[in-house]
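One file, model-v9.cif, carrying mmCIF, C-alpha atoms and all ligand atoms:
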data_upload
#
loop_
_atom_site.label_atom_id
_atom_site.label_comp_id
_atom_site.auth_asym_id
_atom_site.auth_seq_id
_atom_site.Cartn_x
_atom_site.Cartn_y
_atom_site.Cartn_z
CA MET A 30 -13.50 47.03 -66.96
CA GLN A 31 -17.00 47.34 -68.35
CA TYR A 32 -18.59 47.16 -64.87
CA ASP A 33 -17.66 48.49 -61.44
CA VAL A 34 -20.03 46.15 -59.62
CA VAL A 35 -21.59 42.78 -60.50
CA ILE A 36 -24.61 41.74 -58.41
CA VAL A 37 -25.46 38.04 -58.32
CA GLY A 38 -29.18 37.47 -57.66
CA ALA A 39 -32.08 39.69 -58.72
CA GLY A 40 -34.42 39.19 -55.76
CA PRO A 41 -35.34 42.24 -53.65
CA ALA A 42 -31.81 42.57 -52.20
CA GLY A 43 -30.02 42.37 -55.57
CA SER A 44 -32.44 44.53 -57.55
CA ALA A 45 -32.54 47.19 -54.82
CA THR A 46 -28.72 47.27 -54.63
CA ALA A 47 -28.60 47.58 -58.44
CA TRP A 48 -31.11 50.44 -58.39
CA HIS A 49 -29.19 52.40 -55.73
CA LEU A 50 -25.84 51.92 -57.50
CA ALA A 51 -27.09 52.58 -61.05
CA THR A 52 -28.95 55.68 -59.86
CA ALA A 53 -25.64 56.96 -58.44
CA GLY A 54 -23.93 56.40 -61.81
CA VAL A 55 -22.03 53.21 -60.86
CA ARG A 56 -21.64 50.82 -63.82
CA THR A 57 -23.70 47.88 -62.59
CA LEU A 58 -24.46 44.41 -63.93
CA LEU A 59 -27.30 42.41 -62.34
CA VAL A 60 -27.20 38.64 -62.95
CA ASP A 61 -29.76 35.97 -62.13
CA LYS A 62 -29.96 32.30 -63.02
CA SER A 63 -33.67 32.77 -63.86
CA ARG A 64 -35.30 34.71 -66.63
CA PHE A 65 -37.81 37.23 -65.22
CA PRO A 66 -40.60 37.17 -64.26
CA ARG A 67 -40.00 34.13 -62.07
CA ASP A 68 -41.65 32.66 -58.97
CA LYS A 69 -40.05 32.75 -55.52
CA VAL A 70 -41.57 30.68 -52.71
CA CYS A 71 -42.68 33.24 -50.11
CA GLY A 72 -45.62 34.44 -47.98
CA ASP A 73 -45.62 37.55 -50.23
CA CYS A 74 -46.20 39.90 -47.28
CA LEU A 75 -44.59 43.35 -47.32
CA SER A 76 -44.34 44.78 -43.81
CA PRO A 77 -44.68 48.51 -43.12
CA ARG A 78 -40.88 48.50 -42.83
CA ALA A 79 -40.55 46.93 -46.30
CA GLN A 80 -42.90 49.57 -47.69
CA HIS A 81 -40.69 52.26 -46.21
CA GLY A 82 -37.79 50.69 -48.17
CA LEU A 83 -39.92 50.63 -51.33
CA ALA A 84 -40.79 54.30 -50.86
CA ARG A 85 -37.04 55.08 -50.71
CA LEU A 86 -36.66 53.23 -54.02
CA GLY A 87 -39.54 55.29 -55.48
CA VAL A 88 -41.58 52.20 -56.29
CA LEU A 89 -44.10 51.94 -53.43
CA GLU A 90 -47.08 53.32 -55.36
CA THR A 91 -46.50 50.90 -58.26
CA VAL A 92 -46.41 47.95 -55.85
CA ALA A 93 -49.36 49.16 -53.76
CA ALA A 94 -51.53 49.58 -56.87
CA GLU A 95 -51.40 45.80 -57.48
CA ALA A 96 -51.25 44.49 -53.91
CA HIS A 97 -53.83 43.45 -51.32
CA ALA A 98 -53.67 45.83 -48.33
CA ALA A 99 -54.44 44.63 -44.79
CA SER A 100 -54.29 46.66 -41.59
CA CYS A 101 -55.10 43.89 -39.10
CA ILE A 102 -53.35 40.63 -38.18
CA ARG A 103 -55.34 37.90 -36.40
CA PHE A 104 -53.60 35.23 -34.32
CA ARG A 105 -54.78 31.88 -33.01
CA ALA A 106 -52.88 30.55 -30.00
CA PRO A 107 -51.98 26.86 -29.47
CA GLY A 108 -54.88 26.55 -27.00
CA GLY A 109 -57.33 28.10 -29.48
CA ALA A 110 -57.61 31.63 -28.04
CA GLU A 111 -57.69 34.41 -30.63
CA ALA A 112 -56.23 37.92 -30.64
CA SER A 113 -55.65 40.56 -33.24
CA ALA A 114 -53.32 43.51 -33.73
CA ARG A 115 -53.98 46.63 -35.73
CA LEU A 116 -50.88 48.06 -37.40
CA ALA A 117 -49.84 51.33 -35.84
CA GLY A 118 -48.04 53.03 -38.73
CA ALA A 119 -45.47 54.68 -36.46
CA ASP A 120 -42.41 56.54 -37.71
CA ASN A 121 -43.74 57.52 -41.17
CA ARG A 122 -44.51 53.89 -42.02
CA PRO A 123 -47.87 52.95 -43.49
CA ALA A 124 -50.40 51.37 -41.10
CA ARG A 125 -50.91 48.38 -43.35
CA THR A 126 -49.22 45.35 -44.83
CA LEU A 127 -49.29 44.68 -48.56
CA VAL A 128 -49.47 41.20 -50.09
CA LEU A 129 -48.27 40.82 -53.69
CA PRO A 130 -47.06 37.50 -55.19
CA ARG A 131 -43.31 37.52 -55.72
CA TYR A 132 -43.79 36.63 -59.40
CA ARG A 133 -45.03 40.22 -59.83
CA PHE A 134 -43.20 41.98 -57.01
CA ASP A 135 -39.70 40.85 -57.96
CA HIS A 136 -40.33 41.68 -61.60
CA ILE A 137 -41.36 45.24 -60.70
CA LEU A 138 -38.14 45.69 -58.70
CA GLN A 139 -35.91 44.10 -61.34
CA ARG A 140 -37.35 46.33 -64.08
CA HIS A 141 -36.99 49.35 -61.81
CA ALA A 142 -33.25 48.58 -61.49
CA LEU A 143 -32.89 48.23 -65.26
CA ALA A 144 -34.77 51.50 -65.83
CA ALA A 145 -32.21 53.20 -63.54
CA GLY A 146 -29.40 52.02 -65.87
CA ALA A 147 -28.29 48.59 -64.59
CA ASP A 148 -27.65 45.87 -67.20
CA PHE A 149 -29.11 42.37 -66.76
CA ARG A 150 -27.82 38.93 -67.74
CA VAL A 151 -29.33 35.47 -67.24
CA ALA A 152 -26.56 33.17 -65.98
CA HIS A 153 -25.95 30.73 -63.14
CA VAL A 154 -22.85 32.10 -61.41
CA ARG A 155 -20.60 29.35 -60.09
CA THR A 156 -17.20 31.05 -59.96
CA LEU A 157 -15.83 34.29 -58.53
CA LEU A 158 -12.58 35.56 -60.08
CA PRO A 159 -9.73 35.81 -57.55
CA THR A 160 -8.81 39.20 -59.07
CA GLY A 161 -12.38 40.56 -58.74
CA GLY A 162 -15.56 39.86 -60.72
CA VAL A 163 -17.29 36.68 -61.87
CA GLU A 164 -17.18 34.11 -64.61
CA LEU A 165 -20.35 34.10 -66.72
CA ASP A 166 -20.83 31.16 -69.09
CA GLY A 167 -17.06 30.67 -69.34
CA THR A 168 -16.26 34.37 -69.88
CA ALA A 169 -14.51 36.50 -67.28
CA VAL A 170 -16.46 39.63 -66.27
CA PRO A 171 -14.05 41.62 -64.10
CA ALA A 172 -15.38 44.10 -61.53
CA GLN A 173 -14.04 45.77 -58.42
CA LEU A 174 -16.92 44.44 -56.34
CA VAL A 175 -19.26 41.44 -56.45
CA VAL A 176 -22.44 41.71 -54.39
CA ILE A 177 -23.78 38.29 -53.39
CA ALA A 178 -27.60 38.49 -53.29
CA THR A 179 -28.38 34.81 -53.77
CA GLY A 180 -30.87 34.44 -50.91
CA ALA A 181 -30.93 31.09 -49.09
CA ALA A 182 -29.12 29.27 -51.96
CA LEU A 183 -25.70 28.13 -50.77
CA SER A 184 -24.07 26.71 -53.90
CA LEU A 185 -22.12 29.89 -54.77
CA ILE A 186 -21.63 31.09 -51.20
CA LYS A 187 -19.96 27.82 -50.25
CA ARG A 188 -17.18 28.68 -52.70
CA THR A 189 -16.61 32.15 -51.21
CA PRO A 190 -15.24 33.38 -47.88
CA PHE A 191 -18.92 33.58 -46.85
CA ALA A 192 -19.44 29.83 -46.43
CA PRO A 193 -21.57 29.71 -43.25
CA PRO A 194 -20.25 27.54 -40.42
CA GLY A 195 -22.63 24.60 -39.96
CA PRO A 196 -26.27 24.23 -41.02
CA VAL A 197 -28.15 27.50 -41.38
CA HIS A 198 -31.51 26.66 -42.88
CA THR A 199 -35.00 26.46 -41.49
CA VAL A 200 -37.78 25.34 -43.84
CA ALA A 201 -41.08 26.76 -45.09
CA ALA A 202 -43.70 25.95 -47.73
CA ARG A 203 -46.57 27.76 -49.39
CA ALA A 204 -49.47 27.19 -51.78
CA TYR A 205 -51.89 29.56 -53.50
CA LEU A 206 -55.64 29.07 -53.19
CA ARG A 207 -57.80 30.59 -55.88
CA GLY A 208 -61.56 30.98 -56.14
CA ILE A 209 -62.09 31.26 -52.36
CA ARG A 210 -65.49 32.66 -51.54
CA SER A 211 -64.15 34.92 -48.81
CA PRO A 212 -60.56 34.91 -47.55
CA GLY A 213 -61.50 38.05 -45.51
CA PRO A 214 -59.41 41.22 -45.40
CA ASP A 215 -57.01 40.35 -42.53
CA LEU A 216 -53.72 38.47 -42.34
CA ARG A 217 -54.11 35.31 -40.25
CA ILE A 218 -51.43 33.50 -38.23
CA PHE A 219 -52.07 30.06 -36.71
CA LEU A 220 -50.04 28.65 -33.83
CA ASP A 221 -52.44 25.81 -33.01
CA ARG A 222 -52.20 22.14 -34.00
CA LEU A 223 -48.71 22.37 -35.49
CA PRO A 224 -45.09 21.94 -34.38
CA LEU A 225 -43.51 25.07 -32.84
CA PRO A 226 -41.44 27.16 -33.20
CA GLY A 227 -43.06 28.36 -36.39
CA TYR A 228 -46.55 29.17 -37.62
CA ALA A 229 -49.01 28.68 -40.44
CA TRP A 230 -50.45 31.64 -42.31
CA LEU A 231 -53.31 32.63 -44.53
CA PHE A 232 -52.57 35.90 -46.32
CA PRO A 233 -55.24 37.15 -48.75
CA THR A 234 -53.76 38.14 -52.11
CA GLY A 235 -57.06 39.55 -53.41
CA PRO A 236 -60.83 39.29 -52.95
CA ASP A 237 -60.94 35.57 -53.81
CA SER A 238 -57.36 34.28 -53.48
CA ALA A 239 -54.81 33.67 -50.74
CA ASN A 240 -51.27 32.54 -49.99
CA LEU A 241 -51.24 29.76 -47.37
CA GLY A 242 -48.11 28.41 -45.80
CA TYR A 243 -46.22 26.96 -42.88
CA TRP A 244 -42.77 27.85 -41.52
CA TYR A 245 -41.05 25.44 -39.15
CA ALA A 246 -38.26 27.34 -37.38
CA GLY A 247 -36.96 24.46 -35.28
CA ARG A 248 -33.79 22.45 -35.76
CA ALA A 249 -35.34 18.99 -36.23
CA PRO A 250 -35.60 17.77 -39.85
CA MET A 251 -39.07 18.60 -41.20
CA PRO A 252 -40.60 17.54 -44.56
CA VAL A 253 -42.35 20.88 -44.60
CA ALA A 254 -44.30 20.60 -47.87
CA GLY A 255 -45.80 17.33 -46.62
CA ARG A 256 -46.64 18.96 -43.30
CA LEU A 257 -48.42 21.82 -45.10
CA ALA A 258 -50.39 19.26 -47.13
CA THR A 259 -51.48 17.65 -43.83
CA LEU A 260 -52.45 21.02 -42.36
CA LEU A 261 -54.52 21.78 -45.47
CA ALA A 262 -56.35 18.53 -44.91
CA GLU A 263 -56.68 18.60 -41.11
CA HIS A 264 -56.24 22.06 -39.61
CA PRO A 265 -59.78 23.41 -39.13
CA ALA A 266 -59.17 26.93 -40.48
CA LEU A 267 -56.78 25.96 -43.30
CA ALA A 268 -58.81 22.94 -44.36
CA GLY A 269 -61.89 25.18 -44.29
CA ALA A 270 -60.23 27.67 -46.64
CA ARG A 271 -59.08 24.87 -48.90
CA ALA A 272 -62.56 23.32 -49.05
CA ASP A 273 -63.91 26.76 -49.90
CA SER A 274 -61.58 27.23 -52.89
CA ASP A 275 -61.89 25.75 -56.36
CA ASP A 276 -58.16 25.64 -57.19
CA ILE A 277 -55.04 24.91 -55.16
CA GLY A 278 -51.65 25.51 -56.71
CA ARG A 279 -48.57 23.35 -56.18
CA ILE A 280 -47.27 23.16 -52.62
CA ALA A 281 -43.68 24.40 -52.83
CA GLY A 282 -41.05 24.40 -50.10
CA TYR A 283 -37.92 26.54 -49.74
CA PRO A 284 -35.30 27.09 -47.02
CA ILE A 285 -34.96 30.23 -44.91
CA ARG A 286 -31.67 31.58 -43.46
CA CYS A 287 -31.86 33.61 -40.25
CA ASP A 288 -28.20 33.44 -39.18
CA PHE A 289 -27.35 37.13 -39.47
CA LEU A 290 -25.60 37.18 -36.06
CA ARG A 291 -23.02 34.64 -37.28
CA ALA A 292 -22.98 35.14 -41.06
CA PRO A 293 -19.89 36.65 -42.75
CA LYS A 294 -20.84 39.85 -44.62
CA ALA A 295 -17.75 41.25 -46.40
CA ALA A 296 -14.39 40.06 -47.74
CA THR A 297 -11.96 41.32 -50.39
CA GLY A 298 -13.99 42.19 -53.48
CA VAL A 299 -17.26 40.75 -52.11
CA LEU A 300 -20.28 41.84 -50.02
CA ALA A 301 -23.38 39.87 -49.06
CA VAL A 302 -26.84 41.48 -48.91
CA GLY A 303 -30.32 40.31 -47.88
CA GLU A 304 -30.82 36.67 -47.01
CA ALA A 305 -27.29 35.83 -48.24
CA ALA A 306 -26.18 37.74 -45.11
CA GLY A 307 -28.67 35.75 -42.98
CA LEU A 308 -31.05 38.72 -42.80
CA VAL A 309 -34.41 37.08 -42.14
CA ASN A 310 -36.20 37.75 -38.85
CA PRO A 311 -35.68 34.62 -36.69
CA PHE A 312 -39.10 35.08 -35.04
CA THR A 313 -41.32 36.10 -37.97
CA GLY A 314 -39.51 34.63 -41.00
CA GLU A 315 -39.83 37.85 -43.00
CA GLY A 316 -36.81 39.35 -44.72
CA ILE A 317 -37.85 41.53 -47.66
CA ASP A 318 -37.62 44.64 -45.46
CA TYR A 319 -34.06 43.82 -44.35
CA ALA A 320 -33.12 42.86 -47.92
CA LEU A 321 -34.08 46.38 -49.06
CA GLU A 322 -32.31 48.08 -46.14
CA SER A 323 -29.11 46.07 -46.47
CA ALA A 324 -29.12 46.92 -50.19
CA GLU A 325 -29.09 50.62 -49.42
CA LEU A 326 -26.34 50.24 -46.79
CA ALA A 327 -24.26 48.13 -49.21
CA ALA A 328 -24.68 50.68 -52.01
CA VAL A 329 -23.55 53.54 -49.75
CA SER A 330 -20.46 51.59 -48.58
CA ALA A 331 -19.66 50.41 -52.12
CA GLN A 332 -19.80 53.92 -53.57
CA ALA A 333 -17.52 55.28 -50.84
CA ALA A 334 -15.04 52.40 -51.32
CA LEU A 335 -15.04 52.81 -55.12
CA ARG A 336 -14.42 56.56 -54.78
CA ARG A 337 -11.53 56.02 -52.37
CA ALA A 338 -9.93 53.21 -54.40
CA GLY A 339 -10.20 54.81 -57.86
CA ALA A 340 -9.60 52.41 -60.76
CA GLY A 341 -8.00 49.06 -59.94
CA GLY A 342 -8.70 45.48 -58.94
CA ALA A 343 -10.92 43.99 -56.28
CA LEU A 344 -11.76 46.36 -53.40
CA ALA A 345 -9.81 45.47 -50.26
CA ALA A 346 -11.77 44.00 -47.33
CA ALA A 347 -10.66 46.96 -45.18
CA ALA A 348 -12.20 49.38 -47.72
CA LEU A 349 -15.54 47.59 -47.27
CA ALA A 350 -15.44 47.40 -43.47
CA ASP A 351 -18.04 50.19 -43.10
CA TYR A 352 -20.69 47.84 -44.38
CA PRO A 353 -20.67 45.11 -41.70
CA ARG A 354 -20.42 47.86 -39.09
CA ALA A 355 -23.50 49.60 -40.53
CA LEU A 356 -25.39 46.28 -40.64
CA ASN A 357 -24.54 45.55 -37.03
CA ARG A 358 -25.64 49.00 -35.89
CA ARG A 359 -28.95 48.57 -37.68
CA PHE A 360 -29.80 44.91 -37.00
CA ARG A 361 -27.79 43.30 -34.20
CA GLY A 362 -30.07 44.39 -31.31
CA LEU A 363 -33.20 43.33 -33.19
CA PHE A 364 -31.77 39.93 -34.14
CA ARG A 365 -30.63 39.24 -30.58
CA VAL A 366 -34.12 39.93 -29.21
CA MET A 367 -35.84 38.00 -31.99
CA THR A 368 -33.48 35.02 -31.61
CA ALA A 369 -34.22 34.95 -27.87
CA ALA A 370 -37.96 35.32 -28.57
CA ARG A 371 -37.83 32.26 -30.82
CA ARG A 372 -35.76 30.23 -28.38
CA TYR A 373 -37.65 31.05 -25.18
CA GLY A 374 -40.96 32.50 -26.31
CA ALA A 375 -42.22 30.44 -29.25
CA ASN A 376 -43.94 27.75 -27.19
CA PRO A 377 -47.53 26.99 -26.13
CA TRP A 378 -47.03 28.26 -22.56
CA VAL A 379 -46.05 31.75 -23.71
CA PHE A 380 -48.46 32.03 -26.63
CA ASP A 381 -51.42 30.85 -24.55
CA ARG A 382 -50.60 33.54 -21.99
CA LEU A 383 -50.10 36.19 -24.65
CA PHE A 384 -53.16 35.80 -26.84
CA GLY A 385 -56.77 36.15 -25.75
CA ARG A 386 -55.90 37.87 -22.45
CA GLY A 387 -57.80 41.11 -22.94
CA ARG A 388 -56.22 44.51 -22.50
CA HIS A 389 -52.90 43.51 -20.83
CA GLY A 390 -52.05 40.73 -23.25
CA GLN A 391 -53.18 42.99 -26.09
CA ASP A 392 -50.67 45.64 -25.07
CA LEU A 393 -47.83 43.12 -25.34
CA VAL A 394 -49.14 41.76 -28.67
CA ASP A 395 -49.24 45.31 -30.05
CA ARG A 396 -45.70 45.97 -28.83
CA LEU A 397 -44.43 42.73 -30.32
CA VAL A 398 -45.97 43.48 -33.71
CA GLN A 399 -44.47 46.97 -33.67
CA VAL A 400 -41.02 45.59 -32.82
CA CYS A 401 -41.26 42.84 -35.46
CA PHE A 402 -42.18 45.42 -38.10
CA GLY A 403 -39.49 47.88 -37.01
CA ALA A 404 -41.92 50.51 -35.73
CA ALA A 405 -40.48 50.35 -32.18
CA PRO A 406 -37.08 49.45 -30.68
CA PRO A 407 -36.60 45.81 -29.54
CA THR A 408 -36.35 46.88 -25.90
CA ARG A 409 -40.05 47.79 -26.00
CA VAL A 410 -41.06 44.13 -25.57
CA LEU A 411 -38.56 43.54 -22.79
CA ALA A 412 -39.82 46.27 -20.45
CA PRO A 413 -41.00 44.70 -17.14
CA ALA A 414 -44.27 46.65 -17.39
CA ALA A 415 -44.94 44.90 -20.71
CA LEU A 416 -43.97 41.40 -19.57
CA ALA A 417 -45.82 41.37 -16.23
CA PRO A 418 -49.28 40.67 -17.73
CA LEU A 419 -47.82 37.66 -19.50
CA LEU A 420 -47.08 36.05 -16.15
CA LEU A 421 -50.05 37.33 -14.17
CA SER A 422 -53.07 37.12 -16.47
CA ARG A 423 -55.46 34.18 -16.49
CA PRO A 424 -56.33 32.12 -19.55
CA ARG A 425 -59.64 32.69 -21.26
CA ARG A 426 -61.79 30.00 -22.77
CA PRO A 427 -60.71 29.29 -26.36
CA VAL A 428 -63.03 30.15 -29.23
CA THR A 429 -64.57 27.24 -31.10
CA ASP A 430 -63.02 26.15 -34.40
CA GLU A 431 -64.63 27.33 -37.58
C1 LIG B 1 -42.12 30.06 -47.62
C2 LIG B 1 -41.48 31.41 -47.34
C3 LIG B 1 -42.29 32.45 -46.90
C4 LIG B 1 -41.72 33.72 -46.69
N1 LIG B 1 -42.58 34.75 -46.40
C5 LIG B 1 -42.10 36.01 -46.32
C6 LIG B 1 -42.99 37.11 -46.19
O1 LIG B 1 -44.22 36.97 -46.21
N2 LIG B 1 -42.46 38.36 -46.09
C7 LIG B 1 -41.10 38.57 -46.12
O2 LIG B 1 -40.65 39.72 -45.98
N3 LIG B 1 -40.23 37.53 -46.27
C8 LIG B 1 -40.70 36.26 -46.39
N4 LIG B 1 -39.83 35.22 -46.61
C9 LIG B 1 -38.39 35.50 -46.71
C10 LIG B 1 -38.10 36.14 -48.07
O3 LIG B 1 -38.52 35.28 -49.09
C11 LIG B 1 -36.61 36.43 -48.18
O4 LIG B 1 -36.19 37.13 -47.03
C12 LIG B 1 -36.30 37.29 -49.41
O5 LIG B 1 -36.69 36.65 -50.60
C13 LIG B 1 -34.79 37.56 -49.46
O6 LIG B 1 -34.51 38.32 -50.60
P1 LIG B 1 -33.10 38.18 -51.33
O7 LIG B 1 -33.14 39.14 -52.45
O8 LIG B 1 -32.03 38.25 -50.32
O9 LIG B 1 -33.07 36.66 -51.91
P2 LIG B 1 -34.06 35.94 -52.94
O10 LIG B 1 -35.37 36.63 -52.98
O11 LIG B 1 -34.05 34.49 -52.55
O12 LIG B 1 -33.36 36.13 -54.35
C14 LIG B 1 -32.19 35.42 -54.68
C15 LIG B 1 -32.02 35.41 -56.18
O13 LIG B 1 -30.72 34.91 -56.47
C16 LIG B 1 -30.79 34.06 -57.60
N5 LIG B 1 -29.64 33.16 -57.49
C17 LIG B 1 -29.34 32.29 -56.50
N6 LIG B 1 -28.16 31.69 -56.71
C18 LIG B 1 -27.69 32.18 -57.90
C19 LIG B 1 -26.50 31.96 -58.66
N7 LIG B 1 -25.54 31.12 -58.23
N8 LIG B 1 -26.36 32.62 -59.84
C20 LIG B 1 -27.31 33.47 -60.27
N9 LIG B 1 -28.45 33.74 -59.57
C21 LIG B 1 -28.63 33.11 -58.40
C22 LIG B 1 -32.14 33.38 -57.45
O14 LIG B 1 -32.61 32.91 -58.71
C23 LIG B 1 -33.00 34.52 -56.89
O15 LIG B 1 -33.64 35.23 -57.92
C24 LIG B 1 -40.33 33.93 -46.83
C25 LIG B 1 -39.50 32.86 -47.23
C26 LIG B 1 -40.08 31.61 -47.49
C27 LIG B 1 -39.20 30.49 -47.95
#

Written as structure tokens, that's how I'd like the structure from this file.
Amino acid sequence: MQYDVVIVGAGPAGSATAWHLATAGVRTLLVDKSRFPRDKVCGDCLSPRAQHGLARLGVLETVAAEAHAASCIRFRAPGGAEASARLAGADNRPARTLVLPRYRFDHILQRHALAAGADFRVAHVRTLLPTGGVELDGTAVPAQLVVIATGAALSLIKRTPFAPPGPVHTVAARAYLRGIRSPGPDLRIFLDRLPLPGYAWLFPTGPDSANLGYWYAGRAPMPVAGRLATLLAEHPALAGARADSDDIGRIAGYPIRCDFLRAPKAATGVLAVGEAAGLVNPFTGEGIDYALESAELAAVSAQAALRRAGAGGALAAAALADYPRALNRRFRGLFRVMTAARRYGANPWVFDRLFGRGRHGQDLVDRLVQVCFGAAPPTRVLAPAALAPLLLSRPRRPVTDE
């Protein structure tokens, strides 16, 4: 065999897995259906947790040098009240988010993996070999392990033991605005005048440009690109930003998978990482951080399994069982809380009691942001002392629309 591991998909999960494996001397092939650089529909926001993952890959400074840094997130509640949260930077994580378009970000990561020794091929993978490996353009490429890092795309996964039971997608869309006079320094999240659960965002990508988008996290069918177009025409803040800009890029939609709690993660000769394992936060819609972390966990499990197995065919499912266990230890509690937060908390009643309530509401907002970004354990938002103000505080008068 020329390769020990073939990784399908060179987004953050695939490239990070390739970097970890190649750095450890594992013969690694990274495959993507697109030639790089390529676009990926995204909000482009790198949480403090994602930056921690980038630091572990040794690529944080390169990314930060090109990105827009923001240390404050501003929210607008369904009733119009506003609140903001400053990032705390707990646990050795930077007190900022970074925003860098995926066209650049993914290319930096993919090149980083190749510099560590991984090979790269452009090919649309449609077939896994029953004996281990993949078929690339009609040629068998055997390997002891295939890592599925195909994101929300299901075409390959449906032909593997990872086929998710039932529908798994939510939908989101984004557009870039260029030539804005002042997008401001902060990230902005809008929960007003749109269907919940979900939110619209305005994330500055630089001094005169921004990524705008809308994620609908509900189950009802939603033509989300059309809905974003309507928001850009009618939502006061988004329409204001659009009117202020001299160039709007194409509105592009893409699905999001958040089904980590149900998704299969390992089978004989195959592992899933990142969004292919359903690893996107069901409350915030961000998943680059978990993509990077699952990559590291997968690489550790893969190396141990390869060492134990020696040369041979596809790694047995039992040899890979460490990996789903490690994922569950790391993510299950968080995903349970975030799934419940989406189901019971992402509605006007809760948001209107959370935002714009002064000190008590602010405390809960700060806790929630810390939990979402991995700077505090999920139980921190469930403490009765944190939830009481939500029930007891009185609404304030909403701010006027800009
Ligand atoms: C509109 C939108 C906004 C978002 N905003 C944010 C955000 O601000 N911050 C955040 O952290 N997350 C955000 N997310 C989620 C984030 O995009 C994903 O969590 C992240 O991209 C997952 O990384 P990944 O490497 O698992 O998959 P991907 O980044 O989707 O990469 C998958 C790769 O696999 C390749 N591929 C797929 N199928 C095949 C095949 N059969 N053969 C070969 N190659 C294949 C694709 O070409 C692609 O390059 C957003 C998602 C959407 C849709």

(message) Please return as a PyMOL selection string the residues found within 6 Å of ligand LIG 1 (chain B), counting only C-alpha atoms and all ligand atoms.
(response) chain A and resi 37-43+60-63+70-75+152-155+178-182+185+201-203+283-285+303-305+309+314-318+320

Can you spit out the residues from that selection as a compact mmCIF listing (two decimals), in the coordinates of the input, using C-alpha atoms?
# COMPACT_ATOMS: atom_id res chain seq x y z
CA VAL A 37 -25.46 38.04 -58.32
CA GLY A 38 -29.18 37.47 -57.66
CA ALA A 39 -32.08 39.69 -58.72
CA GLY A 40 -34.42 39.19 -55.76
CA PRO A 41 -35.34 42.24 -53.65
CA ALA A 42 -31.81 42.57 -52.20
CA GLY A 43 -30.02 42.37 -55.57
CA VAL A 60 -27.20 38.64 -62.95
CA ASP A 61 -29.76 35.97 -62.13
CA LYS A 62 -29.96 32.30 -63.02
CA SER A 63 -33.67 32.77 -63.86
CA VAL A 70 -41.57 30.68 -52.71
CA CYS A 71 -42.68 33.24 -50.11
CA GLY A 72 -45.62 34.44 -47.98
CA ASP A 73 -45.62 37.55 -50.23
CA CYS A 74 -46.20 39.90 -47.28
CA LEU A 75 -44.59 43.35 -47.32
CA ALA A 152 -26.56 33.17 -65.98
CA HIS A 153 -25.95 30.73 -63.14
CA VAL A 154 -22.85 32.10 -61.41
CA ARG A 155 -20.60 29.35 -60.09
CA ALA A 178 -27.60 38.49 -53.29
CA THR A 179 -28.38 34.81 -53.77
CA GLY A 180 -30.87 34.44 -50.91
CA ALA A 181 -30.93 31.09 -49.09
CA ALA A 182 -29.12 29.27 -51.96
CA LEU A 185 -22.12 29.89 -54.77
CA ALA A 201 -41.08 26.76 -45.09
CA ALA A 202 -43.70 25.95 -47.73
CA ARG A 203 -46.57 27.76 -49.39
CA TYR A 283 -37.92 26.54 -49.74
CA PRO A 284 -35.30 27.09 -47.02
CA ILE A 285 -34.96 30.23 -44.91
CA GLY A 303 -30.32 40.31 -47.88
CA GLU A 304 -30.82 36.67 -47.01
CA ALA A 305 -27.29 35.83 -48.24
CA VAL A 309 -34.41 37.08 -42.14
CA GLY A 314 -39.51 34.63 -41.00
CA GLU A 315 -39.83 37.85 -43.00
CA GLY A 316 -36.81 39.35 -44.72
CA ILE A 317 -37.85 41.53 -47.66
CA ASP A 318 -37.62 44.64 -45.46
CA ALA A 320 -33.12 42.86 -47.92

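Nearest-residue note for Met367 (chain A): choosing from A:Asp288, A:Asp33, A:Asp166, A:Asp276, the minimum distance belongs to A:Asp288, counting only C-alpha atoms.
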
(request) For CA of Leu183 (chain A) and CA of Ala145 (chain A), quote the distance in Å rounded to one decimal. (result)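 These atoms are spaced 28.9 Å apart.
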
(message) Taking all atoms listed in the file into account, name the residue in A:Leu50, A:Leu223, A:Val35, A:Val379 that is nearest to Pro265 (chain A).
(response)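 Between A:Leu50, A:Leu223, A:Val35, A:Val379, the residue approaching Pro265 (chain A) most closely is A:Leu223.
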
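Put simply, CA of Arg382 (chain A) is 13.9 Å away from CA of Leu397 (chain A).
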
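The smallest atom-to-atom distance between His97 (chain A) and any of A:Ala169, A:Leu216, A:Ala47, A:Leu225, using only C-alpha atoms, is found for A:Leu216.
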
(request) Find the residues around Arg365 (chain A) up to 9 Å (all atoms listed in the file counted), leave out those fewer than 5 positions away in its own chain, and share them as an MDAnalysis selection string. (result) chainID A and resid 290 360 370 407

(request) Would you work out the distance separating CA of Phe384 (chain A) from CA of Arg210 (chain A), expressed in Å to one decimal? (result)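 Distance reported for this atom pair: 27.8 Å.
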
(message) Env of Ala355 (chain A): 10 Å cut, atoms = all atoms listed in the file, seq-sep filter 3 positions within chain, self excluded. Answer as a ChimeraX atom specification.
(response) /A:323,326-327,330,350-352,358-361

(request) Would you mind telling me which residue in A:Arg131, A:Arg354, A:Arg248, A:Arg78 lies nearest to Leu116 (chain A) when using only C-alpha atoms? (result)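 Closest residue, counting only C-alpha atoms: A:Arg78.
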
Give me the residues near Ala172 (chain A) as a short mmCIF file (atom, residue, chain, number, x, y, z; two decimals) with C-alpha atoms, in the coordinates of the input, where near means some atom within 9 Å (using all atoms listed in the file) and where sequence neighbours in that chain fewer than 4 positions away do not count.
data_model
loop_
_atom_site.label_atom_id
_atom_site.label_comp_id
_atom_site.auth_asym_id
_atom_site.auth_seq_id
_atom_site.Cartn_x
_atom_site.Cartn_y
_atom_site.Cartn_z
CA MET A 30 -13.50 47.03 -66.96
CA GLN A 31 -17.00 47.34 -68.35
CA TYR A 32 -18.59 47.16 -64.87
CA ASP A 33 -17.66 48.49 -61.44
CA VAL A 34 -20.03 46.15 -59.62
CA VAL A 35 -21.59 42.78 -60.50
CA THR A 160 -8.81 39.20 -59.07
CA GLY A 161 -12.38 40.56 -58.74
CA GLY A 162 -15.56 39.86 -60.72
CA VAL A 163 -17.29 36.68 -61.87
CA GLY A 298 -13.99 42.19 -53.48
CA GLY A 342 -8.70 45.48 -58.94
CA ALA A 343 -10.92 43.99 -56.28
#
